[in-house]
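Engineer: Here it is: the structure, laid out below.
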Amino acid sequence: AKKTKSIRSIIHPSIMTPAAAAASGSPETSAESSSAHERGFDDHSHSDAHSLLSTGDDHSHSDANSLLSTGDEASSHSGSGQYDNDHRSPAQIAIAKRQRYLALSRCAALLLVLVTAAVAGAVTYVLTSREQDEAVQNQAYLLTEEILTTPNIHLDAIANKMTVMSSSMTALAASQEPPVNWPYYTQADFSTLFGKSYLDNSGATFLTWAPHIQGDLARVQWGNYSTAMANGWLPPQDANRISSQIYTINELGRPVMETGPGPFAPVWEMASLTTYDSLKVNYNMLTDETFANSYQQLMDTSMQVMTPIMENVDDLYGITLPLDQRDIPTSLLITPIFEGKDQDDATPVATLIAVVAWDVFFQNILHPEQPKVYVVVEPTDMTLCGGYDDEYLFEIQGETATYLGTNVDQQDLPDDFVATASTMPSPFATDYMSSTDCTYTLTVYLSTEVYDMYDTQNHAPAIWTAIVVVVIILAGVVFFSYDIAVQKRYQKLFNSTAKTNAIVSSLFPAEVRDQLFGTGKKKNTSSNNNNKKNSPNDDDDEEEGFDAAGTPAESTKYRLKNYLAEEDGAMTAAGGAGAASGPSNLVNPGDDEKIREAMAGIDMHETKPIAELFPNTTVMFADIAGFTAWSSVREPSQVFVLLETVYRAFDNIAKRRKVFKVETVGDCYVAVTGLPEPRKDHAVVMAKFARECLEKFNGLSKQLEISLGPDTGDLAMRAGLHSGPVTAGVLRGDKSRFQLFGDTVNTAARVEATGQRNRVHLSTDTANLLKEAGKEHWIKKRADVVTAKGKGELHTFWLVTPGQEHVDEVNTNDPEFAHRAGLKLEEIEATLPPKIQRLVGWNAEILKKLLQQIIAKRNAVTNKRNYDAQLNRLESEINQRKQLMGEVIEVIALPKFDAKSHKNQENPSKVVIPEDVVSELRLYVCSIAAMHRDNYFHNFEHASHVTMSVSKLLSRIIAPSDIMDQEEGGNLASALHDHTFGITSDPLTQFACVLSALIHDTDHLGVSNAQLVKEKHAVAEFHKGKSVAEQNSIVLAWEKLMSPSFTHLRRCIYGTPSELERFRQIVVNNVLATDIFDKELQTIRKNRWEKAFAKSGDNAGAEESAEDAINRKATIVMEHLIQASDVSHTMQHWHIYRKWNERLFAEMIHAHKQGRLPFDPKAGWYAGELGFFDNYIIPLAKKLKECGVFGVSCDEYLNYALENRREWANKGEEVVAQYIEKYCKETSEDEGGDDKEGGK
């Protein structure tokens, strides 16, 4: 195509041969042709490419396919007519065949796509259906397992309760004086003490116990004993009716006295949920064969035994059961009673007997909403189970179980109940029936409703099948669309080439034409070789394309491209001034060592360096304005979150626009276009890249403010572009790197350094390239001339970027207006400026994480009572407190360290906070933001800055949970709890500290407390002139929190009255601690600090307990924590200090102009700041270090305080002059123009 274009550029109709002129019918003379040549090719309407293809006198156009003819063949046809319609050229025949082949190929491909879609859809449907069926079967199997295992669990629970009852009877008998002579024992209050409680909780219907009687004498003595003792537990009328001796029932149903030595097990004390027959007393239980077998098993093993299913148990004991319970299969659960506590190898002296209906075992298995199921109970061996071979059917629905009858076949079940893979016999009660060899199996039948309940994705196979088929068909459509587009492009290029071929064939001989197209054979090779060898650009010793060793040599540019092509992505920083570099091509750190070992003994100078000059490039330097000051108040992890997020976004843009990223140095991002592949539009591409990066950064900084805190949205990108030649290559050696060198790199760095925030700065060279590319509307000349180090004065340009002047609008109205105008709380956030909304999100996220810690700790505590009633009363009582000075206490009692609950505490990050609590939390923070006035200094942004400092200091305290997993972590964690005074062991304390910082300037009026008192302001009068602004903030914020809109939030913050009291005390103490100008309070705090942190030889705290001493220190440390955070800007980077110092100056100047400040602040501002540092800031920073709990932050704060003090001493007077120039002009802009907004 390039050759075709170059050939076209040299072809002109004025140089056509006479034959071509005749063919075109042009009568012009050579002079006219020369004139036409001067007018240009485009002025001849009949001289276009098509006219050049005309043949014959009729000027008709030949078919484009005929243009394939070349050389003499084309010339021979130029003077004759068109091809005869009945005869096609070989080229036309070949094209027709190719078109038929392409059509058949497309049909075959279409058929293949359809077949593939059908096969893939069928396979997908089968596999997903099978997977769905398996999932449903697994769920049904789990339900079946639960149904089969739960009855054994219920039986174990009933048996365990009987074991406890047996032990209790043994213990009570052993405690009597004189000692009990078994079996002659009567348990006092058996019916109430044991019977009722057991029957109510176990599900059994009847309970009795029978002594073990052995021998004639014992039998007679028992008869006498039972007759005498019956009056003790039976009503008189019943006691006189009982049998005087142990008896049995004969075949005629009549009672017969027992004789002989026994053994006997007479019924004694009884308890029932219904009525029972007292005549059953002294009935020999061993008369029943089923019971006798089980009884013998109990005597042999001294373990609990359960009888097989027995009939007529109600008749046996004279129990009166409801009609719906009389036919339920019933068994007796028999538990041994021993004489003493030592039961090993002991023989039971009596037995506890409970009548248990089998429906109890199947209760409370299913959830109420689950479909019903059926369970069939059948004996494994009829002869071993009392001769009964009945199958017992139970229906389980929800928490209830209903007995339906015996010998029910599967065919008798409802139609939708079928045997499934989950249906299997399961043994039951084998531990209680093993010795009798009578066991039962349970079989579960599930209904189709159960499978429908678990088949929640019954349409999934069809959906996945449709997705697969649609994806394959769409892929086919894309493929065919691309094929058609390529075919059209190919046809267009083919037609153009054919036309050019015809033109060239008509103008030049075949040999010349072939050389133009590069298809001719080279001639005079030896001559060419001699010329090459004599060329001054080649070495005399080496042949073309070979190095000194005789191996093929790669060009330097090819080697450089290979090196860069092998790079794995992101480039990192290295190099110095005028140089930019990227990382070496190492897959992992170990490769670097392997390369050095392989290179051992090889001199790098024996091979040529990988370097090349790229004459046409554009270099961009971009950094983040304000980054240094911003990062000084952030955690290291937050700094890296910002850089990684921004640079990852830049990298993605660079890949898309094919811009080469060179390196990142700190917050500076370096990129270049025009290498390794040269391109003419390098300046245009780099301008687009810089503009897109600028827009991307502005969006990301606003988004990240929610997670990274205040001032993140104020960061701005500053970029500089310069175009020119650069030397690029790989500087070999240890840690080889790709680097750029040259004046272009230096100039780009200077252009960036002299730029402005949120703008792209262009050098003159880059601007000229943009003009040449027709992008003059992209640039705007800079009004002033910049002076760059080493470059002198430079005339530069700005790249016009849409939205570059955009900044957040400052809310100059009273933020309380939204609250006072009767807006709903939900509508408040919409009235806040965008920046305040982002700060609301960040503050809410900080508090949300602390709430997760509170919930995690609360969940680890076992005692979870409901204190809602007490909390409601206490909240109402606290909300009535308006005079808060009396609430300040010296010692706030923090909770003791609980190692057990701390160890069992779940990961707070995994705690899910209810949505209503999250929404209420954000709504509350919005309300606090709206209640902040539009002051220069005391505003919501400052409150957020204080909150960030409090959070940072709290995060620097070593928390016990951080080392709980270490060896002997419990003791070490407890020691650290004491070392940090328990602050970080209690998340509620941390939450209260952070919340105190957020609300401490709520509704601040922009003037001092002293001025409010002097003015007799209503707020000052209400709070009796003490800590006016601070008390007002607490009252308003607390009233808002206590409103009904935040009930769920309050219950999440505190759950007990003691937590509410502690929460309130911390908030009051901390907020009032921010009043640093009340001399009385200042003296009190100083004395409290000295008492809390008295030196070892001081006896100030000798009479104070260790716990009170720790709590005292915690209280005073929390107060100093918020005090330091309130003025943390003085202990941070110089730019941060300047920013807030200027805002405070502006606020005081504004108050002075309004007549609300008795003195002019500008007169003593410089000296006042020095005194403030010496008398308050630096001593406060030293106290943070003295308490010893804030880690490296105390050194950081102290160092910044000392450094800012030195900077202010050197530059303060100049800074104050700038303040005065900016804020003290007597113009109309003083009260509400650009000056005020700039100060804010």
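Following the order of the structure tokens, chains are lettered A, B, ..., residues in each are numbered from 1, and ligands are numbered from 1.
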Which residues come within 10 Å of Ser631 of chain A, counting only C-alpha atoms, excluding same-chain residues fewer than 3 positions away, as a ChimeraX atom specification?

Structural biologist: /A:626-628,634-636,638-640,642,712,1133

Engineer: Filtering to N, CA, C and O atoms, could you give me those residues as a short mmCIF file (atom, residue, chain, number, x, y, z; two decimals), in the first residue's frame?

Structural biologist:
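The resulting file, part.cif, is shown below:
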```cif
data_model
loop_
_atom_site.label_atom_id
_atom_site.label_comp_id
_atom_site.auth_asym_id
_atom_site.auth_seq_id
_atom_site.Cartn_x
_atom_site.Cartn_y
_atom_site.Cartn_z
N GLY A 626 0.45 18.93 46.56
CA GLY A 626 -0.03 18.81 47.92
C GLY A 626 0.17 17.44 48.53
O GLY A 626 -0.28 17.18 49.65
N PHE A 627 0.88 16.56 47.81
CA PHE A 627 1.03 15.18 48.28
C PHE A 627 1.88 15.10 49.55
O PHE A 627 1.57 14.33 50.46
N THR A 628 2.95 15.86 49.62
CA THR A 628 3.86 15.75 50.77
C THR A 628 3.14 16.11 52.06
O THR A 628 3.24 15.39 53.07
N ARG A 634 -1.04 10.93 57.30
CA ARG A 634 -1.68 9.67 56.98
C ARG A 634 -0.83 8.49 57.44
O ARG A 634 0.38 8.60 57.60
N GLU A 635 -1.52 7.36 57.60
CA GLU A 635 -0.82 6.11 57.85
C GLU A 635 -0.11 5.69 56.57
O GLU A 635 -0.56 6.00 55.47
N PRO A 636 1.03 4.98 56.68
CA PRO A 636 1.74 4.54 55.46
C PRO A 636 0.85 3.75 54.51
O PRO A 636 0.94 3.89 53.30
N GLN A 638 -2.29 4.11 53.98
CA GLN A 638 -3.17 5.01 53.25
C GLN A 638 -2.43 5.70 52.11
O GLN A 638 -2.99 5.92 51.03
N VAL A 639 -1.16 6.03 52.32
CA VAL A 639 -0.36 6.66 51.27
C VAL A 639 -0.25 5.71 50.08
O VAL A 639 -0.42 6.12 48.91
N PHE A 640 0.01 4.45 50.35
CA PHE A 640 0.17 3.50 49.27
C PHE A 640 -1.16 3.19 48.60
O PHE A 640 -1.19 2.89 47.40
N LEU A 642 -3.48 5.37 47.98
CA LEU A 642 -3.65 6.46 47.02
C LEU A 642 -2.78 6.26 45.79
O LEU A 642 -3.26 6.30 44.65
N THR A 712 -8.23 14.76 50.90
CA THR A 712 -7.85 13.92 49.76
C THR A 712 -8.45 14.48 48.48
O THR A 712 -7.80 14.47 47.43
N HIS A 1133 2.66 18.65 59.09
CA HIS A 1133 3.51 19.29 58.07
C HIS A 1133 3.27 20.80 58.02
O HIS A 1133 2.17 21.28 58.32
#
```

Engineer: Could you name the residues that touch Cys1194 of chain A at 6 Å or less, counting only C-alpha atoms, but leaving out those on the same chain fewer than 3 positions away, as a list in words?

Structural biologist: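 Everything that qualifies: Leu1184, Lys1185, Phe1190 and Tyr1197 of chain A.
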
Engineer: Please provide the set of residues having any atom within 12 Å of Gln363 of chain A, restricted to only C-alpha atoms, with same-chain residues fewer than 6 positions apart removed, written as a PyMOL selection string.

Structural biologist: chain A and resi 147+150-155+202-203+357+375+394-403

Engineer: Residues near segment 608-617 of chain A, anyone? I mean within 6 Å using only C-alpha atoms, not counting same-chain ones fewer than 2 positions away, as a short mmCIF file (atom, residue, chain, number, x, y, z; two decimals) with N, CA, C and O atoms, in the first residue's frame.

Structural biologist:
```cif
data_model
loop_
_atom_site.label_atom_id
_atom_site.label_comp_id
_atom_site.auth_asym_id
_atom_site.auth_seq_id
_atom_site.Cartn_x
_atom_site.Cartn_y
_atom_site.Cartn_z
N THR A 556 20.47 -2.65 16.62
CA THR A 556 20.31 -2.13 17.99
C THR A 556 18.85 -1.83 18.30
O THR A 556 18.35 -2.14 19.39
N LEU A 560 16.52 -3.45 21.24
CA LEU A 560 15.83 -2.61 22.21
C LEU A 560 14.33 -2.92 22.24
O LEU A 560 13.72 -3.03 23.30
N THR A 673 6.00 8.98 24.60
CA THR A 673 5.47 8.46 23.34
C THR A 673 6.51 8.68 22.26
O THR A 673 7.36 9.58 22.37
N GLY A 674 6.44 7.85 21.22
CA GLY A 674 7.44 7.94 20.15
C GLY A 674 8.51 6.88 20.27
O GLY A 674 9.40 6.81 19.42
N SER A 723 8.64 17.99 23.94
CA SER A 723 8.93 17.11 22.81
C SER A 723 10.33 17.35 22.30
O SER A 723 10.85 18.48 22.32
N GLY A 724 10.97 16.28 21.85
CA GLY A 724 12.31 16.37 21.31
C GLY A 724 12.97 15.00 21.28
O GLY A 724 12.35 13.98 21.59
N PRO A 725 14.24 14.95 20.94
CA PRO A 725 14.95 13.67 20.87
C PRO A 725 15.37 13.18 22.26
O PRO A 725 15.68 13.96 23.14
N VAL A 726 15.36 11.86 22.43
CA VAL A 726 15.86 11.25 23.66
C VAL A 726 16.72 10.06 23.30
O VAL A 726 16.54 9.43 22.25
N THR A 727 17.67 9.80 24.14
CA THR A 727 18.47 8.58 24.03
C THR A 727 17.87 7.58 24.99
O THR A 727 17.77 7.85 26.18
N ALA A 728 17.48 6.43 24.44
CA ALA A 728 16.83 5.40 25.25
C ALA A 728 17.62 4.11 25.14
O ALA A 728 18.15 3.78 24.08
N GLY A 729 17.73 3.41 26.23
CA GLY A 729 18.46 2.16 26.20
C GLY A 729 18.43 1.47 27.53
O GLY A 729 17.84 1.94 28.50
N VAL A 730 19.09 0.32 27.55
CA VAL A 730 19.17 -0.48 28.75
C VAL A 730 20.55 -0.30 29.35
O VAL A 730 21.56 -0.67 28.75
#
```

Engineer: So what do you get for atom CA of Val641 of chain A versus atom CA of Arg750 of chain A, distance-wise?

Structural biologist: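 Computing the Euclidean distance for atom CA of Val641 of chain A and atom CA of Arg750 of chain A yields 27.8 Å.
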
Engineer: Provide the atom CA of Thr128 of chain A to atom CA of Val468 of chain A distance in Å, to one decimal place.

Structural biologist: 11.7 Å

Engineer: Any idea what's packed within 12 Å of Phe1172 of chain A, counting only C-alpha atoms, ignoring anything in its chain fewer than 5 positions away? Could you give it as an MDAnalysis selection string?

Structural biologist: chainID A and resid 1076:1077 1127 1130 1141 1164:1167 1177:1180 1201 1204:1205 1208

Engineer: Based on the selection just made, write N, CA, C and O atoms of those residues as an mmCIF file, in the first residue's frame.

Structural biologist:
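Wrote result-v6.cif, looks like this:
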```cif
data_model
loop_
_atom_site.group_PDB
_atom_site.id
_atom_site.type_symbol
_atom_site.label_atom_id
_atom_site.label_comp_id
_atom_site.auth_asym_id
_atom_site.auth_seq_id
_atom_site.Cartn_x
_atom_site.Cartn_y
_atom_site.Cartn_z
ATOM 1 N N ILE A 1076 -9.461 25.156 76.221
ATOM 2 C CA ILE A 1076 -8.110 25.283 76.771
ATOM 3 C C ILE A 1076 -7.835 26.692 77.317
ATOM 4 O O ILE A 1076 -6.744 26.939 77.832
ATOM 5 N N PHE A 1077 -8.804 27.588 77.203
ATOM 6 C CA PHE A 1077 -8.560 28.967 77.636
ATOM 7 C C PHE A 1077 -9.218 29.270 78.971
ATOM 8 O O PHE A 1077 -9.123 30.390 79.452
ATOM 9 N N VAL A 1127 -5.612 20.656 68.051
ATOM 10 C CA VAL A 1127 -4.579 21.557 67.497
ATOM 11 C C VAL A 1127 -3.543 20.741 66.743
ATOM 12 O O VAL A 1127 -2.375 21.128 66.655
ATOM 13 N N THR A 1130 -0.880 22.046 64.210
ATOM 14 C CA THR A 1130 0.388 22.645 64.642
ATOM 15 C C THR A 1130 1.477 21.609 64.791
ATOM 16 O O THR A 1130 2.654 21.955 64.899
ATOM 17 N N ASN A 1141 -3.810 27.652 60.170
ATOM 18 C CA ASN A 1141 -3.459 28.904 60.834
ATOM 19 C C ASN A 1141 -4.061 30.084 60.080
ATOM 20 O O ASN A 1141 -4.577 31.032 60.689
ATOM 21 N N GLY A 1164 -0.748 41.155 67.030
ATOM 22 C CA GLY A 1164 0.112 40.260 67.811
ATOM 23 C C GLY A 1164 0.096 38.831 67.321
ATOM 24 O O GLY A 1164 0.394 37.909 68.101
ATOM 25 N N TRP A 1165 -0.277 38.626 66.059
ATOM 26 C CA TRP A 1165 -0.420 37.245 65.570
ATOM 27 C C TRP A 1165 0.917 36.512 65.538
ATOM 28 O O TRP A 1165 1.009 35.357 65.944
ATOM 29 N N TYR A 1166 1.949 37.181 65.073
ATOM 30 C CA TYR A 1166 3.253 36.523 64.963
ATOM 31 C C TYR A 1166 3.773 36.121 66.353
ATOM 32 O O TYR A 1166 4.111 34.959 66.593
ATOM 33 N N ALA A 1167 3.802 37.045 67.270
ATOM 34 C CA ALA A 1167 4.315 36.744 68.610
ATOM 35 C C ALA A 1167 3.386 35.790 69.353
ATOM 36 O O ALA A 1167 3.839 34.930 70.130
ATOM 37 N N ILE A 1177 1.616 24.133 72.863
ATOM 38 C CA ILE A 1177 1.765 23.065 71.865
ATOM 39 C C ILE A 1177 2.919 22.134 72.216
ATOM 40 O O ILE A 1177 2.742 20.906 72.309
ATOM 41 N N ILE A 1178 4.091 22.669 72.408
ATOM 42 C CA ILE A 1178 5.254 21.821 72.674
ATOM 43 C C ILE A 1178 5.116 21.090 74.005
ATOM 44 O O ILE A 1178 5.395 19.883 74.077
ATOM 45 N N PRO A 1179 4.680 21.738 75.094
ATOM 46 C CA PRO A 1179 4.441 20.966 76.327
ATOM 47 C C PRO A 1179 3.395 19.862 76.144
ATOM 48 O O PRO A 1179 3.530 18.780 76.719
ATOM 49 N N LEU A 1180 2.369 20.140 75.342
ATOM 50 C CA LEU A 1180 1.353 19.120 75.106
ATOM 51 C C LEU A 1180 1.936 17.941 74.342
ATOM 52 O O LEU A 1180 1.657 16.775 74.659
ATOM 53 N N ALA A 1201 6.054 19.777 65.745
ATOM 54 C CA ALA A 1201 5.799 20.990 66.532
ATOM 55 C C ALA A 1201 7.065 21.847 66.619
ATOM 56 O O ALA A 1201 7.013 23.074 66.429
ATOM 57 N N ASN A 1204 7.786 23.301 63.067
ATOM 58 C CA ASN A 1204 6.882 24.394 62.710
ATOM 59 C C ASN A 1204 7.179 25.649 63.526
ATOM 60 O O ASN A 1204 7.050 26.773 63.022
ATOM 61 N N ARG A 1205 7.593 25.457 64.757
ATOM 62 C CA ARG A 1205 7.974 26.610 65.576
ATOM 63 C C ARG A 1205 9.181 27.324 64.962
ATOM 64 O O ARG A 1205 9.218 28.553 64.897
ATOM 65 N N TRP A 1208 8.039 29.076 61.763
ATOM 66 C CA TRP A 1208 7.265 30.285 62.059
ATOM 67 C C TRP A 1208 8.175 31.411 62.539
ATOM 68 O O TRP A 1208 7.956 32.572 62.190
#
```

Engineer: List the neighbours of His1048 of chain A out to 12 Å using only C-alpha atoms; skip same-chain residues closer than 5 positions along the sequence, and give me the result as a VMD selection string.

Structural biologist: chain A and resid 868 913 to 921 924 1041 to 1043 1053 to 1055
